[in-house]
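Enquirer: The structure's right below; bear with me while I get my questions together.
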Amino acid sequence: MRALCWNGTNDLRVERVPDPVLVNPHDVIVKVSLSSVCGSDLHLLGGYVPTMQPGDIIGHEFLGEIVEKGPEVRYLNRGDRIVTVSIIGCGHCGHCQHGDSSLCDNSNPKPEAARAAYGHCGAGIFGYSHAFGGYAGSHAEYVRVPYADFNGFRVPEGITDEQAVFVSDAVPTGYMAADMAGIKPGDVVAVWGCGGVGQMAMRSAYLLGAERVIGIDRFPDRLRAAQMKAGAEPLDYTRVDVFDALQSMTGGRGPDVCIDAVGMEADSGANALEDLYDRAKQVVGLQSDRPAVLRQMIEACRKGGTLSIVGVYGGVIDKFPMGAAMNKGLTFRMGQQNGQRYAERLFGHIVKGELDPSYLMTHRWSLDDGPKGYRMFKDKADDCLRVVFAPHA
Amino acid sequence: MASNSLSASHRAAVGPALRASGRAGMAGRWAAMLGGTALGLLGARRGGWGGIALGAVGAGLFLAGATGGPLALPTVVLPAGILPRRRPHRTPERTQSVVTIAAPAEEVYRFWRNFANLPKLMPWLDRVDVLSATESQWIAKGTDGEPVRWRVALDRVDENELLTWHTAGETPLPHRASLMLKPAPGDRGTEVRLTLVHRHPPAEVARLLGLTPERQAHDALLRLKQRIETGELSTLDRQPHGNRGLGLNPASRLGGVE
Ligand SMILES: NC(=O)c1ccc[n+]([C@@H]2O[C@H](COP(=O)([O-])OP(=O)(O)OC[C@H]3O[C@@H](n4cnc5c(N)ncnc54)[C@H](O)[C@@H]3O)[C@@H](O)[C@H]2O)c1
Ligand SMILES: [Zn+2]
Ligand SMILES: [Zn+2]
């Protein structure tokens with residue numbers, strides 16, 4: 001089959017690879033109909049997630065049809081149209097049983113690297129480096145899905161492919177960001193990053209009772225989409241001082257909830273020296289992640305407010321304003337998404353018309369255009385929110 | 001929702017004075033840090049800065065990148081002492097591993113009590129022949145192709161709580177071991193503790209069996225947990241991948257970014 005393979009920093013190639021096969025009894029093989037790029041892949045492309053090996057198939061946000069199933073798969077059947085959560089849970093360990101499947105104890109076949117770096121290892125993720133299990137990703141014609149009954153969700157009638165594919169990753173990530181934050185009626189929620197994840201967080205914040213939602217980014221098309229589609233008040237961080245703007249918009253209190261939907265590659269464009277500082281340290285290897293958004297959230301957040309972090313960090317950061325966080329009594333929530341906990345609920349919102357993620361698919365391309373698609377997504381060119389590949393089209 | 005001129009109207013509301021006064025200190029602060037830290041480090045690094053790669057102190061996450069392929073960005077480097085380091089064992093011949101399994105003790109105990117099951121958890125074993133109620137013969141694959149054998153005698157058998165055993169008779173790897181089961185607090189299942197005490201140092205055990213006792217104990221419990229909780233072992237077996245960078249196909253490269 002054809003697959004999009006990582007071959008080094010900013011080096012993606014479409015290659016011919018063997019088809020996947022059923023290995024474990026709870027596996028299914030999915031024929032991929034749609035597979036989306038995600039901001040997380042940019043960290044791989046940029047070389048910020050170092051446990052990649054040349055030839056690794058990337059991609060983790062996907063939809064498809066079951067073409068083969070293992071003997072112990074109970075609920076799913078051949079022919080089912082399923083969306084698969086991008087982060088793999090086993091469904092049985094204590095974490096999975098409590099809904100925290102991204103913390104799964106069992107799905108990462110290579111726990112040593114993560115254990116050594118983090119103390120404990122997290123779940124396996126499709127196409128997301130060997131520290132996260134080394135699973136082959138979904139930018140391919142077929143993909144093996146382990147523990148299929150737990151990770152695969154049959155898409156209800158009435159939900160289109162274009163809507164369903166994002167229930168794999170962007171939608172549950174945004175929803176979890178809002179859910180973790182414990183939003184209360186009347187809350188003002190500020191979301192850093194108007195990518196697919198940020199926009200889903202904005203929409204979810206309203207669904208969970210937020211009074212006002214503010215979306216922060218610098219790309220006019222993304223700010224426009226955040227406003228028109230997710231109902232957020234847009235804030236261009238290159239044109240206003242984010243701290244001042246947020247205080248002014250909240251009567252000097254600061255937002256009750258601050259959501260990070262940017263992660264380790266945050267740019268601090270508005271503050272050139274901070275940006276230079278963080279980039280310099282990243283380049284010499286003294287910090288792996290750029291924490292500009294975290295610093296801004298800590299400073300801007302209301303006293304006693306909550307920071308909810310779904311933007312991905314991988315290593316260590318520097319100049320973290322712990323004193324401000326402590327003395328302002330902030331709450332930090334964070335994590336990789338636990339989509340298995342939310343998938344059915346999200347289908348419900350989509351069916352009722354309360355949520356329609358399909359607009360994130362600004363481009364639908366052939367898999368052969370994978371390298372070009374990632375380049376466009378990385379450059380945020382052509383108003384691209386997400387490029388979705390159709391490997392069989 | 002307000003008009004899309006929020007940023008503009010907002011700037012008007014905030015006013016330049018507030019921004020100037022409120023934020024003026026920021027630039028200075030960063031300039032100081034930049035000059036004082038990052039640039040200094042850039043210089044120091046050029047002169048062979050003596051930091052320790054995160055990977056080198058055991059964090060394979062960052063190291064593996066270096067081995068995995070060409071990376072434009074460097075391995076994360078930290079000054080010694082930033083990462084907590086595991087203290088070396090005081091008695092290297094004794095190793096212990098512990099894991100929590102979301103299952104009742106009986107289930108865990110039943111699986112382990114049948115020593116014939118153990119090669120499923122310890123792939124370095126070829127097989128275990130149960131000879132009697134208390135005796136078994138263990139045959140390991142051995143690193144040089146020669147099987148390594150030992151006889152094992154059970155000592156204590158406390159149902160669902162404790163198993164201890166030791167090697168009996170002539171063997172190149174005399175050792176004793178125990179498996180202890182204890183209910184985990186709340187509804188978390190069972191805490192399972194495996195202890196191995198060898199007469200020889202870990203390196204000697206690794207030379208014969210291919211891995212240290214520490215790895216053996218850890219890997220065995222990992223597999224035990226996966227088998228009991230999920231009924232399978234997570235794996236990348238027969239998984240497709242590209243040609244690992246050989247045979248280039250430059251036509252489809254993403255070149256030119258950055
Ligand atoms: N936790 C999870 O399980 C999970 C799942 C999916 C994605 N993610 C992470 O979420 C983040 C966003 O993903 P995405 O797909 O939306 O990515 P994306 O690249 O499409 O969007 C990121 C946006 O952040 C903006 N940005 C950069 N610096 C900023 C700053 N200082 N202030 C405000 N905005 C800034 C960029 O302009 C861009 O529009 C990534 O870090 C990704 O890894 C996490
Ligand atoms: Zn993702
Ligand atoms: Zn699990």
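Residue names in the structure tokens use chain letters A, B, ... in the order shown, residue numbers from 1 in each chain, and ligand numbers from 1 in the order shown.
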Please extract the residues at most 6 Å from ligand 3, counting only C-alpha atoms and all ligand atoms, and provide them as a list in words, using the chain letters and residue numbers of this document.

Expert: Gly89, Cys90, Gly91, His92, Cys93, His95, Cys96, Ser101, Cys104, Asp105 and Asn106 of chain A

Enquirer: Fewer than 3 positions away in the same chain doesn't count, so skip those; otherwise give me all residues within 7 Å of Arg218 in chain A, counting only C-alpha atoms, as a list of chain:residue names.

Expert: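 Listing them by chain and then by number gives A:Asp236, A:Tyr237, A:Thr238.
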
Enquirer: Identify, counting only C-alpha atoms and all ligand atoms, the protein, DNA and RNA residues located within 7 Å of ligand 2, and give them as a list of chain:residue names.

Expert: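 Selection of residues at most 7 Å from ligand 2: A:Cys38, A:Gly39, A:Ser40, A:Asp41, A:His60, A:Glu61, A:Ser86, A:Asp169, A:Ala170.
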
Enquirer: So, counting only C-alpha atoms and all ligand atoms, which residue among A:Arg144, A:His26, A:His43, A:Arg2 is closest to ligand 1?

Expert: A:His43

Enquirer: Using only C-alpha atoms, determine which residues lie at most 8 Å from range 164-178 of chain B, disregarding the query and same-chain residues fewer than 3 positions distant; provide the list as a list in words.

Expert: Val148, Arg149, Trp150, Arg151, Val152, Ala153, Leu154, Asp155, Arg156, Val157, Arg193, Leu194, Thr195, Leu196, Val197, His198, Arg199, His200 and Val205 of chain B

Enquirer: When DSSP is applied to the backbone of this structure, which of range 21-141 of chain A are assigned helix (DSSP H, G or I)? Write them out as a list of chain:residue names.

Expert: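 Output for range 21-141 of chain A, helix (DSSP H, G or I) only: A:Gly39, A:Ser40, A:Asp41, A:Leu42, A:His43, A:Leu44, A:Leu45, A:Gly94, A:His95, A:Cys96, A:Gln97, A:Ser101, A:Ser102, A:Leu103, A:Pro111, A:Glu112, A:Ala113, A:Ala114, A:Arg115, A:Ala116, A:Ala117, A:Tyr118, A:His130, A:Ala131, A:Phe132.
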